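The block underneath contains the structure these notes are about, expressed in structure tokens.
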Amino acid sequence: MAERMLPGTALTDPAEMGRFLADNRRRWSTDDNRVAGTLWWYSTSSVVLTSLLTRLAEIDLAADPALDRLRVHVGEDGRVVNVHPGGLLPEVALLPTALRAALEPVLETLSAVSGVRLPPLWAITTDAVANSLLRAWRDLGDPARGVEQASWLVAGMGRPLPPARFVPIEGKPLVRRVSCCLIDHAGFAPCASCPHQDPDVRRARMLAAAQLL
């Protein structure tokens, strides 16, 4: 499969979304569209939001997430590997509304094609925002600012996004995920911060993750 460059609006095309979903079913060896769709957004949201939000942390400017100005880089294996915004928003304050407007039709299309309900997809979005900004600010030496900025952005995007949650472990803030990627339904171990674990097991696994930072 050759690499492709798609317009951002392709993410709202049911036929294109069906192609992503079929690729993901093969990748994860599952015939469950709900699992394939959830895992697709878990991976894609991280790529998309890291690309869009890095400038916010590094230079206090907001990339314009509008789909008609976005280019989507799809790798040879069919995964979204990068997105390229077409410009900047005039004010950072406009980002929550603009990001919500860009992502909403993508998630509605994914939900219609895969059968995944919208609330879990928005929960994955919350965690992707939180992880992207915390990681960016951690690299800049100020993880507390990442917590603050992610909380502001998610709150500004509004319901049904749940609030971003963080927990201090070993003196370091970590995202306390509110979403489940369903990777355990594809035969893999759940993520360290998966909410569907015994709380003590979850904390022990998050502690081990914090010690690697």
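Each chain of the structure tokens is named A, B, ... in the order shown, its residues numbered from 1; ligands are numbered from 1 in display order.
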Using only C-alpha atoms, find each residue in range 68-171 of chain A having at least one atom no more than 6 Å away from range 5-26 of chain A; report its shortest atom-to-atom pair and that distance in Å (one decimal), rows by chain then rising number, as JSON lines.
{"residue": "A:Asp68", "atom": "CA", "partner": "A:Thr9", "partner_atom": "CA", "distance": 5.8}
{"residue": "A:Leu70", "atom": "CA", "partner": "A:Gly8", "partner_atom": "CA", "distance": 4.7}
{"residue": "A:Arg71", "atom": "CA", "partner": "A:Pro7", "partner_atom": "CA", "distance": 4.7}
{"residue": "A:Val72", "atom": "CA", "partner": "A:Leu6", "partner_atom": "CA", "distance": 4.9}
{"residue": "A:His73", "atom": "CA", "partner": "A:Met5", "partner_atom": "CA", "distance": 4.7}
{"residue": "A:Val106", "atom": "CA", "partner": "A:Thr12", "partner_atom": "CA", "distance": 5.0}
{"residue": "A:Thr109", "atom": "CA", "partner": "A:Thr12", "partner_atom": "CA", "distance": 5.5}
Go ahead and write the selection's residues with N, CA, C and O atoms as a PDB file, in the first residue's frame.
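Generated output (out_8.pdb):
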ATOM      1  N   ASP A  68     -11.053  21.534   6.413  1.00  0.00           N
ATOM      2  CA  ASP A  68     -10.849  21.933   5.014  1.00  0.00           C
ATOM      3  C   ASP A  68      -9.492  22.600   4.794  1.00  0.00           C
ATOM      4  O   ASP A  68      -9.115  22.868   3.652  1.00  0.00           O
ATOM      5  N   LEU A  70      -6.789  21.169   6.592  1.00  0.00           N
ATOM      6  CA  LEU A  70      -5.895  20.144   7.142  1.00  0.00           C
ATOM      7  C   LEU A  70      -5.505  19.139   6.061  1.00  0.00           C
ATOM      8  O   LEU A  70      -6.310  18.785   5.198  1.00  0.00           O
ATOM      9  N   ARG A  71      -4.256  18.685   6.121  1.00  0.00           N
ATOM     10  CA  ARG A  71      -3.817  17.579   5.271  1.00  0.00           C
ATOM     11  C   ARG A  71      -3.458  16.408   6.176  1.00  0.00           C
ATOM     12  O   ARG A  71      -2.814  16.584   7.217  1.00  0.00           O
ATOM     13  N   VAL A  72      -3.871  15.221   5.768  1.00  0.00           N
ATOM     14  CA  VAL A  72      -3.698  14.014   6.575  1.00  0.00           C
ATOM     15  C   VAL A  72      -2.729  13.079   5.857  1.00  0.00           C
ATOM     16  O   VAL A  72      -2.976  12.672   4.721  1.00  0.00           O
ATOM     17  N   HIS A  73      -1.637  12.751   6.530  1.00  0.00           N
ATOM     18  CA  HIS A  73      -0.620  11.861   5.971  1.00  0.00           C
ATOM     19  C   HIS A  73      -0.921  10.440   6.437  1.00  0.00           C
ATOM     20  O   HIS A  73      -0.872  10.140   7.631  1.00  0.00           O
ATOM     21  N   VAL A 106     -15.859  14.131  12.464  1.00  0.00           N
ATOM     22  CA  VAL A 106     -15.018  12.939  12.340  1.00  0.00           C
ATOM     23  C   VAL A 106     -15.551  11.836  13.252  1.00  0.00           C
ATOM     24  O   VAL A 106     -15.713  10.676  12.830  1.00  0.00           O
ATOM     25  N   THR A 109     -18.871  10.406  12.043  1.00  0.00           N
ATOM     26  CA  THR A 109     -18.674   9.466  10.937  1.00  0.00           C
ATOM     27  C   THR A 109     -18.150   8.133  11.450  1.00  0.00           C
ATOM     28  O   THR A 109     -18.643   7.062  11.060  1.00  0.00           O
TER      29      THR A 109
END
Could you make a table, as a tab-separated table, of the residues of range 100-142 of chain A that have an atom within 7 Å of an atom of range 43-58 of chain A, each with its nearest atom pair and distance in Å to one decimal, counting only C-alpha atoms, in chain and number order?
residue	atom	partner	partner_atom	distance
A:Thr125	CA	A:Ser45	CA	6.4
A:Ala128	CA	A:Ser46	CA	5.3
A:Val129	CA	A:Leu49	CA	6.2
A:Ser132	CA	A:Thr50	CA	5.1
A:Leu133	CA	A:Leu53	CA	6.8
A:Ala136	CA	A:Thr54	CA	6.3
A:Trp137	CA	A:Ala57	CA	6.3
May I have all residues of range 55-102 of chain A that DSSP, computed from the backbone, assigns to alpha helix (DSSP H), given as a ChimeraX atom specification? /A:55-59,95-102
Please measure the separation of CA of Leu99 in chain A and CA of Gly86 in chain A, giving the value in Å to one decimal.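 The value is 13.8 Å.
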Give me the residues within 12 Å of range 161-171 of chain A as number ranges by chain, counting only C-alpha atoms and dropping any in the same chain fewer than 6 places off. A: 96, 100, 103-104, 118-134, 143-144, 146-155, 177-179, 193, 195, 202-213
Running DSSP on the backbone, which parts of range 9-212 of chain A land in strand (DSSP E or B), as a PyMOL selection string? chain A and resi 63+71-74+80-84+88+166-169+172-175
Would you mind exporting the chosen residues as a CSV table (one decimal), in the first residue's frame, restricted to N, CA and C atoms?
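Output file again-v2.csv is given in full below:
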chain,number,residue,atom,x,y,z
A,63,ALA,N,-2.7,26.1,16.3
A,63,ALA,CA,-2.9,25.6,14.9
A,63,ALA,C,-4.4,25.6,14.6
A,71,ARG,N,-4.3,18.7,6.1
A,71,ARG,CA,-3.8,17.6,5.3
A,71,ARG,C,-3.5,16.4,6.2
A,72,VAL,N,-3.9,15.2,5.8
A,72,VAL,CA,-3.7,14.0,6.6
A,72,VAL,C,-2.7,13.1,5.9
A,73,HIS,N,-1.6,12.8,6.5
A,73,HIS,CA,-0.6,11.9,6.0
A,73,HIS,C,-0.9,10.4,6.4
A,74,VAL,N,-1.2,9.6,5.5
A,74,VAL,CA,-1.5,8.2,5.8
A,74,VAL,C,-0.3,7.3,5.3
A,80,VAL,N,-2.9,6.7,10.1
A,80,VAL,CA,-2.6,8.2,10.1
A,80,VAL,C,-1.3,8.4,10.8
A,81,VAL,N,-0.3,8.9,10.2
A,81,VAL,CA,1.0,9.1,10.8
A,81,VAL,C,1.3,10.6,11.1
A,82,ASN,N,0.5,11.5,10.5
A,82,ASN,CA,0.7,12.9,10.8
A,82,ASN,C,-0.4,13.7,10.2
A,83,VAL,N,-0.6,14.9,10.7
A,83,VAL,CA,-1.5,15.9,10.1
A,83,VAL,C,-0.8,17.2,10.0
A,84,HIS,N,-1.2,18.0,9.0
A,84,HIS,CA,-0.5,19.3,8.7
A,84,HIS,C,-1.6,20.3,8.6
A,88,LEU,N,-2.7,29.2,11.3
A,88,LEU,CA,-2.9,29.4,12.8
A,88,LEU,C,-4.2,30.2,13.0
A,166,PHE,N,-5.9,14.0,36.3
A,166,PHE,CA,-4.4,13.7,36.5
A,166,PHE,C,-4.2,13.2,37.9
A,167,VAL,N,-3.2,12.5,38.1
A,167,VAL,CA,-2.9,12.0,39.5
A,167,VAL,C,-1.4,12.1,39.7
A,168,PRO,N,-0.9,12.7,40.8
A,168,PRO,CA,0.5,12.8,41.1
A,168,PRO,C,1.0,11.4,41.6
A,169,ILE,N,2.1,10.9,41.0
A,169,ILE,CA,2.7,9.7,41.4
A,169,ILE,C,4.2,9.9,41.3
A,172,LYS,N,5.2,13.2,40.1
A,172,LYS,CA,5.0,13.6,38.7
A,172,LYS,C,3.6,13.4,38.3
A,173,PRO,N,3.0,14.4,37.6
A,173,PRO,CA,1.6,14.2,37.2
A,173,PRO,C,1.5,13.2,36.0
A,174,LEU,N,0.5,12.3,36.1
A,174,LEU,CA,0.2,11.4,35.1
A,174,LEU,C,-1.2,11.5,34.7
A,175,VAL,N,-1.6,11.2,33.5
A,175,VAL,CA,-3.0,11.2,33.1
A,175,VAL,C,-3.7,10.0,33.7
